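Source file work-v9.txt; content: compact mmCIF, C-alpha atoms.
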# COMPACT_ATOMS: atom_id res chain seq x y z
CA MET A 159 122.42 84.65 146.21
CA ASN A 160 123.05 82.57 143.10
CA THR A 161 119.32 82.04 142.68
CA ARG A 162 118.76 85.82 142.70
CA LYS A 163 121.48 86.30 140.09
CA LEU A 164 119.96 83.62 137.92
CA ALA A 165 116.48 85.17 138.25
CA LEU A 166 117.90 88.60 137.29
CA LEU A 167 119.66 87.08 134.29
CA LEU A 168 116.45 85.41 133.12
CA LEU A 169 114.52 88.67 133.56
CA LEU A 170 117.06 90.66 131.53
CA GLY A 171 117.11 87.94 128.90
CA SER A 172 113.35 88.03 128.47
CA VAL A 173 113.44 91.83 128.12
CA PHE A 174 116.26 92.07 125.60
CA ALA A 175 115.89 88.83 123.65
CA PRO A 176 113.00 90.01 121.42
CA VAL A 177 114.99 93.10 120.42
CA LEU A 178 118.02 91.01 119.53
CA GLN A 179 116.02 88.32 117.76
CA ALA A 180 113.85 90.32 115.44
CA GLN A 181 114.49 93.46 113.46
CA ILE A 182 114.65 95.16 110.10
CA LYS A 183 118.15 94.65 108.75
CA ASN A 184 118.05 96.69 105.58
CA ILE A 185 115.67 98.68 103.39
CA GLU A 186 116.29 99.15 99.70
CA MET A 187 114.21 101.42 97.48
CA ARG A 188 114.20 102.11 93.78
CA VAL A 189 113.09 105.64 93.13
CA GLU A 190 112.09 107.59 90.03
CA GLY A 191 112.34 111.30 89.30
CA MET A 192 115.50 111.90 91.27
CA THR A 193 117.66 114.76 90.00
CA MET B 4 116.15 113.45 99.89
CA LYS B 5 119.20 111.80 101.52
CA GLN B 6 119.19 114.38 104.32
CA HIS B 7 115.42 114.13 104.73
CA LEU B 8 115.63 110.33 105.05
CA GLY B 9 118.61 110.55 107.39
CA ARG B 10 116.53 112.62 109.80
CA GLN B 11 113.84 109.93 110.09
CA SER B 12 113.66 107.99 113.33
CA GLY B 13 115.66 104.75 113.40
CA VAL B 14 117.81 105.57 110.35
CA GLN B 15 121.54 105.07 110.77
CA LYS B 16 122.83 105.51 107.22
CA VAL B 17 121.43 106.37 103.78
CA ASN B 18 123.19 105.60 100.50
CA VAL B 19 121.82 107.05 97.28
CA ASN B 20 122.93 105.91 93.84
CA LEU B 21 121.94 108.58 91.34
CA ILE B 22 122.75 106.36 88.34
CA ASP B 23 120.32 103.52 88.96
CA GLY B 24 118.02 105.32 91.42
CA LYS B 25 118.71 102.93 94.29
CA VAL B 26 118.38 104.15 97.85
CA ASP B 27 119.82 101.94 100.56
CA VAL B 28 118.77 102.60 104.15
CA THR B 29 120.62 101.01 107.07
CA PRO B 30 118.56 101.04 110.27
CA LYS B 31 120.08 101.67 113.69
CA GLU B 32 121.21 98.68 115.77
CA ASP B 33 117.83 98.22 117.46
CA GLY B 34 116.13 97.91 114.06
CA GLN B 35 113.22 100.09 115.19
CA ILE B 36 112.37 101.75 111.89
CA ASP B 37 109.05 102.33 110.15
CA PRO B 38 109.16 101.59 106.39
CA ALA B 39 105.82 103.39 105.86
CA GLN B 40 107.31 106.52 107.39
CA LEU B 41 110.32 106.25 105.05
CA LEU B 42 108.02 105.84 102.06
CA LYS B 43 106.17 109.00 103.06
CA ALA B 44 109.45 110.86 103.63
CA VAL B 45 110.60 110.01 100.08
CA TYR B 46 107.29 111.21 98.61
CA ASP B 47 107.50 114.37 100.67
CA SER B 48 110.86 115.12 99.09
CA GLY B 49 109.23 115.01 95.63
CA VAL B 50 110.51 111.64 94.44
CA THR B 51 108.44 108.62 93.40
CA VAL B 52 109.16 105.25 94.97
CA ALA B 53 108.93 102.49 92.35
CA GLU B 54 109.56 99.68 94.83
CA MET B 55 110.71 99.02 98.35
CA ASP B 56 112.43 95.82 99.48
CA VAL B 57 113.39 94.88 103.02
CA THR B 58 115.58 92.32 104.71
CA VAL B 59 113.87 91.53 107.96
CA ARG B 60 114.15 89.11 110.86
CA GLY B 61 111.10 88.06 112.81
CA LYS B 62 108.63 85.42 113.86
CA ILE B 63 105.71 84.10 111.86
CA VAL B 64 102.47 84.58 113.79
CA LYS B 65 98.77 84.33 113.02
CA ASP B 66 96.38 87.16 113.87
CA ALA B 67 92.82 86.80 115.18
CA ALA B 68 91.47 86.74 111.60
CA GLY B 69 93.81 83.89 110.64
CA ASN B 70 96.15 86.01 108.51
CA LEU B 71 99.87 85.34 108.68
CA LEU B 72 102.10 88.14 109.94
CA LEU B 73 105.81 88.64 110.34
CA GLN B 74 106.26 89.95 113.86
CA VAL B 75 109.36 92.13 113.92
CA SER B 76 108.91 93.56 117.41
CA PRO B 77 106.10 93.54 119.99
CA ASN B 78 104.60 96.61 118.34
CA GLN B 79 105.58 96.11 114.70
CA SER B 80 104.40 93.44 112.30
CA PHE B 81 103.76 93.09 108.58
CA ALA B 82 100.97 91.15 106.91
CA ILE B 83 102.43 88.56 104.55
CA ALA B 84 101.10 88.37 101.00
CA PRO B 85 100.40 84.79 99.93
CA ASN B 86 102.85 83.18 97.48
CA ASP B 87 104.79 79.91 97.10
CA LEU B 88 107.57 81.03 99.43
CA LEU B 89 105.07 81.61 102.22
CA LYS B 90 104.43 77.85 102.22
CA ALA B 91 108.08 77.33 103.21
CA VAL B 92 107.70 79.36 106.41
CA GLU B 93 104.05 78.65 107.20
CA PRO B 94 104.89 75.55 109.35
CA LEU B 95 106.82 77.90 111.69
CA THR B 96 103.64 79.83 112.56
CA ASP B 97 103.41 80.65 116.27
CA SER B 98 106.64 78.72 116.98
CA PRO B 99 109.67 80.34 118.64
CA ALA B 100 111.62 80.02 115.35
CA VAL B 101 113.05 83.24 113.91
CA VAL B 102 113.29 83.67 110.14
CA THR B 103 115.27 86.11 108.05
CA LEU B 104 113.41 87.09 104.90
CA ARG B 105 113.97 89.38 101.97
CA GLY B 106 110.72 90.70 100.65
CA GLU B 107 108.93 93.40 98.76
CA LEU B 108 106.92 95.80 100.92
CA TYR B 109 105.76 98.19 98.24
CA ARG B 110 105.56 98.40 94.45
CA LYS B 111 104.17 101.35 92.56
CA PRO B 112 100.96 100.39 90.77
CA ALA B 113 101.54 100.04 87.02
CA GLY B 114 100.60 103.03 84.91
CA LYS B 115 100.56 105.55 87.71
CA LYS B 116 103.11 108.34 87.58
CA LYS B 117 102.98 109.03 91.28
CA ALA B 118 101.17 106.94 93.84
CA ALA B 119 101.50 107.07 97.57
CA ALA B 120 101.09 103.83 99.48
CA SER B 121 97.56 103.31 100.64
CA GLY B 122 96.72 101.03 103.53
CA PRO B 123 99.14 98.92 105.54
CA LEU B 124 102.23 97.59 103.76
CA LYS B 125 102.16 93.89 102.87
CA LEU B 126 105.29 91.79 102.72
CA LEU B 127 105.69 89.67 99.59
CA ILE B 128 108.42 87.14 100.38
CA LEU B 129 111.15 87.06 97.70
CA GLU B 130 113.69 84.93 99.52
CA VAL B 131 113.90 82.94 102.75
CA GLN B 132 117.47 83.57 103.89
CA LYS B 133 117.59 81.84 107.25
CA LYS B 134 115.49 79.80 109.68
CA GLU B 135 116.72 79.68 113.30
Would you kindly transcribe this structure into structure tokens?
Amino acid sequence: MNTRKLALLLLLGSVFAPVLQAQIKNIEMRVEGMT
Amino acid sequence: MKQHLGRQSGVQKVNVNLIDGKVDVTPKEDGQIDPAQLLKAVYDSGVTVAEMDVTVRGKIVKDAAGNLLLQVSPNQSFAIAPNDLLKAVEPLTDSPAVVTLRGELYRKPAGKKKAAASGPLKLLILEVQKKE
């Protein structure tokens, strides 16, 4: 039972880890011609 | 423009400063946002983008042609423009290390009044904030 839980945990970790690890945090632009 | 940008996919919040012309875009939690799409959205609203900077977290990888990329997600990566700061992160290529960088993705070519971005955006590293 514990082995199955551990396997499930590892599977979920491998799915969600890339999303948590890498991403765009902020975008800043300087624009011209804005009224 | 603020409303137009706010409707783009992956955008959580948009702050516009009319005095200095700065537009700050906060992506949603998952960080799945396309800077090229934002650039186009700004142009579509009749405003010229002078420059676009990003703070981004990702892995340094090498493509088949030997160019270095910052892999942000399995389906999103940015080619990295060579400069001195690239040398600081180059040893992390294809390692599991995650870096947080601040960089310039777009700058309007000098002398042009209005110029849309052509070709894929390249990341020019301005600051290496974190290596994990």
Please identify every residue of chain B that has at least one atom no farther than 9 Å from an atom of chain A, counting all atoms listed in the file, and for each give the shortest atom pair and the distance in Å to one decimal, arranged by chain then increasing number, as a tab-separated table.
residue	atom	partner	partner_atom	distance
B:Met4	CA	A:Met192	CA	8.8
B:Leu21	CA	A:Met192	CA	7.2
B:Asp23	CA	A:Arg188	CA	7.9
B:Gly24	CA	A:Val189	CA	5.2
B:Lys25	CA	A:Arg188	CA	4.6
B:Val26	CA	A:Met187	CA	5.0
B:Asp27	CA	A:Glu186	CA	4.6
B:Val28	CA	A:Ile185	CA	5.1
B:Thr29	CA	A:Asn184	CA	5.2
B:Pro30	CA	A:Asn184	CA	6.4
B:Lys31	CA	A:Lys183	CA	8.8
B:Glu32	CA	A:Lys183	CA	8.7
B:Asp33	CA	A:Val177	CA	6.6
B:Gly34	CA	A:Gln181	CA	4.8
B:Gln35	CA	A:Gln181	CA	7.0
B:Ile36	CA	A:Ile182	CA	7.2
B:Pro38	CA	A:Ile185	CA	7.7
B:Leu42	CA	A:Met187	CA	8.9
B:Val45	CA	A:Val189	CA	8.6
B:Gly49	CA	A:Gly191	CA	8.0
B:Val50	CA	A:Gly191	CA	5.5
B:Thr51	CA	A:Glu190	CA	5.1
B:Val52	CA	A:Val189	CA	4.4
B:Ala53	CA	A:Val189	CA	5.3
B:Glu54	CA	A:Arg188	CA	5.3
B:Met55	CA	A:Met187	CA	4.3
B:Asp56	CA	A:Glu186	CA	5.1
B:Val57	CA	A:Ile185	CA	4.4
B:Thr58	CA	A:Asn184	CA	5.1
B:Val59	CA	A:Ile182	CA	4.3
B:Arg60	CA	A:Ala180	CA	4.7
B:Gly61	CA	A:Ala180	CA	4.4
B:Lys62	CA	A:Ala180	CA	7.3
B:Gln74	CA	A:Ala180	CA	7.8
B:Val75	CA	A:Ala180	CA	5.1
B:Ser76	CA	A:Ala180	CA	6.2
B:Pro77	CA	A:Pro176	CA	7.9
B:Val101	CA	A:Gln179	CA	7.0
B:Val102	CA	A:Ala180	CA	8.5
B:Thr103	CA	A:Ala180	CA	8.6
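Picture a line from atom CA of Ser80 of chain B to atom CA of Val64 of chain B; it runs 9.2 Å.
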One number please: atom CA of Leu8 of chain B to atom CA of Asn20 of chain B, in Å, one decimal.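 So the answer is 14.1 Å.
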Please report the interatomic distance between atom CA of Leu108 of chain B and atom CA of Leu127 of chain B in Å with one decimal. 6.4 Å
Do you know which residues are at most 7 Å from Ala100 of chain B counting only C-alpha atoms, after dropping those on the same chain fewer than 5 positions away, and could you put them as a list in words? Lys62, Leu95, Lys134 and Glu135 of chain B
